[in-house]
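Enquirer: Submitted below is the structure of interest, expressed as structure tokens.
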Amino acid sequence: MTDSPRPTKPAPPAAGSPEEKELARTRSYFRWFLLAMLGAVLTATLPLPWKVFGLVFGLAALVLGIFALVRAVRDKLPGMLRVTTVIGLAATTFLVLGTGAQVAFWPVTAEYEECMSTALTHSAQSACQDELSNLGGLLPDS
């Protein structure tokens, strides 16, 4: 039997080396991306005007996530980390689009939130949903 050479794992960069500093910077981008994403998720559910913070956190998460993904590809970090970042970016994009639409239709969103806060029955909540579905009168009734 001949011994075949085993692939060896590359040695981690030495502490204080430029490579270690780059990896630390990449980890920092990932941490800030996750924090901004968490902030976006938590604040997007708040009523207006606080919902705007969800949009700001979401936009910041998108920028930080793109930076983190570029650095992960450049530094050849594990594929699972890159896939997870792409999934996080996709989720953040949908969150930003949804929150952005609510902020863009500020009067309709404010009216809906007011209606839902005073609705005590299912039929009242249904009336609020119907009013929201035609954008507070902006769309014709079908």
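Just remember, in the structure tokens the first chain shown is A, the second B, etc., residues are 1-based per chain, and ligands are 1-based in the order shown.
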Do you know which residues are at most 12 Å from Ala110 of chain A counting only C-alpha atoms, after dropping those on the same chain fewer than 2 positions away, and could you put them as number ranges by chain?
Expert: A: 46-51, 102-108, 112-117, 128, 132, 135-136
Enquirer: Give the alpha helix (DSSP H) residues of chain A, as assigned by DSSP on the backbone, as a ChimeraX atom specification.
Expert: /A:18-44,51-74,79-104,106-118,122-133
Enquirer: Any chance you can output those residues with C-alpha atoms as a short mmCIF file (atom, residue, chain, number, x, y, z; two decimals), in the first residue's frame?
Expert:
data_model
loop_
_atom_site.label_atom_id
_atom_site.label_comp_id
_atom_site.auth_asym_id
_atom_site.auth_seq_id
_atom_site.Cartn_x
_atom_site.Cartn_y
_atom_site.Cartn_z
CA PRO A 18 -2.20 41.54 7.61
CA GLU A 19 -4.30 38.46 6.78
CA GLU A 20 -5.55 38.23 10.35
CA LYS A 21 -6.45 41.91 10.31
CA GLU A 22 -8.41 41.42 7.08
CA LEU A 23 -10.30 38.46 8.55
CA ALA A 24 -11.09 40.50 11.66
CA ARG A 25 -12.43 43.28 9.45
CA THR A 26 -14.57 40.80 7.51
CA ARG A 27 -15.97 39.38 10.77
CA SER A 28 -16.76 42.93 11.83
CA TYR A 29 -18.79 43.49 8.65
CA PHE A 30 -20.73 40.30 9.32
CA ARG A 31 -21.48 41.34 12.91
CA TRP A 32 -22.69 44.78 11.84
CA PHE A 33 -24.76 43.22 9.05
CA LEU A 34 -26.50 40.90 11.52
CA LEU A 35 -27.07 43.72 14.01
CA ALA A 36 -28.54 46.01 11.34
CA MET A 37 -30.72 43.17 10.08
CA LEU A 38 -31.99 42.50 13.60
CA GLY A 39 -32.67 46.21 14.08
CA ALA A 40 -34.60 46.30 10.81
CA VAL A 41 -36.74 43.31 11.76
CA LEU A 42 -37.52 44.69 15.22
CA THR A 43 -38.30 48.26 14.15
CA ALA A 44 -40.21 47.47 10.94
CA LYS A 51 -41.29 52.42 11.07
CA VAL A 52 -38.85 54.74 9.28
CA PHE A 53 -36.08 53.39 11.53
CA GLY A 54 -36.83 49.93 10.13
CA LEU A 55 -36.22 51.28 6.65
CA VAL A 56 -32.97 52.95 7.70
CA PHE A 57 -31.71 49.81 9.47
CA GLY A 58 -32.72 47.72 6.46
CA LEU A 59 -30.83 49.92 4.01
CA ALA A 60 -27.78 49.85 6.27
CA ALA A 61 -28.04 46.06 6.48
CA LEU A 62 -28.13 45.81 2.69
CA VAL A 63 -24.97 47.88 2.32
CA LEU A 64 -23.14 46.03 5.09
CA GLY A 65 -24.30 42.67 3.77
CA ILE A 66 -22.97 43.43 0.30
CA PHE A 67 -19.62 44.49 1.77
CA ALA A 68 -19.52 41.33 3.89
CA LEU A 69 -20.36 39.10 0.93
CA VAL A 70 -17.70 40.69 -1.28
CA ARG A 71 -15.11 40.25 1.45
CA ALA A 72 -16.22 36.65 2.09
CA VAL A 73 -15.76 35.78 -1.57
CA ARG A 74 -12.44 37.60 -1.76
CA GLY A 79 -19.38 28.45 1.14
CA MET A 80 -22.07 28.05 3.79
CA LEU A 81 -21.25 31.50 5.13
CA ARG A 82 -21.60 32.98 1.65
CA VAL A 83 -24.91 31.19 1.04
CA THR A 84 -26.24 32.34 4.41
CA THR A 85 -25.25 35.91 3.62
CA VAL A 86 -27.05 35.78 0.27
CA ILE A 87 -30.18 34.46 1.99
CA GLY A 88 -29.91 37.22 4.60
CA LEU A 89 -29.54 39.81 1.84
CA ALA A 90 -32.62 38.46 0.05
CA ALA A 91 -34.68 38.56 3.25
CA THR A 92 -33.48 42.07 4.01
CA THR A 93 -34.36 43.18 0.48
CA PHE A 94 -37.95 41.99 0.91
CA LEU A 95 -38.14 43.66 4.32
CA VAL A 96 -36.84 46.95 2.88
CA LEU A 97 -39.31 46.80 -0.02
CA GLY A 98 -42.24 46.13 2.32
CA THR A 99 -41.28 48.77 4.84
CA GLY A 100 -40.44 51.22 2.06
CA ALA A 101 -43.90 50.75 0.56
CA GLN A 102 -45.52 51.39 3.94
CA VAL A 103 -43.47 54.56 4.39
CA ALA A 104 -44.13 55.67 0.80
CA TRP A 106 -47.63 57.13 4.74
CA PRO A 107 -51.24 58.45 4.90
CA VAL A 108 -52.73 55.07 3.96
CA THR A 109 -50.51 53.24 6.46
CA ALA A 110 -51.31 55.73 9.23
CA GLU A 111 -55.04 55.39 8.53
CA TYR A 112 -54.79 51.58 8.57
CA GLU A 113 -52.83 51.55 11.84
CA GLU A 114 -55.38 53.90 13.43
CA CYS A 115 -58.25 51.77 12.16
CA MET A 116 -56.72 48.55 13.47
CA SER A 117 -55.95 50.08 16.87
CA THR A 118 -59.63 50.96 17.35
CA HIS A 122 -63.38 40.73 13.44
CA SER A 123 -65.77 42.56 11.13
CA ALA A 124 -64.17 45.90 12.05
CA GLN A 125 -60.72 44.45 11.39
CA SER A 126 -62.00 43.08 8.08
CA ALA A 127 -63.26 46.56 7.15
CA CYS A 128 -59.78 47.93 7.92
CA GLN A 129 -58.24 45.25 5.68
CA ASP A 130 -60.68 46.09 2.88
CA GLU A 131 -59.84 49.78 3.15
CA LEU A 132 -56.13 48.94 3.01
CA SER A 133 -56.56 46.63 0.01
#
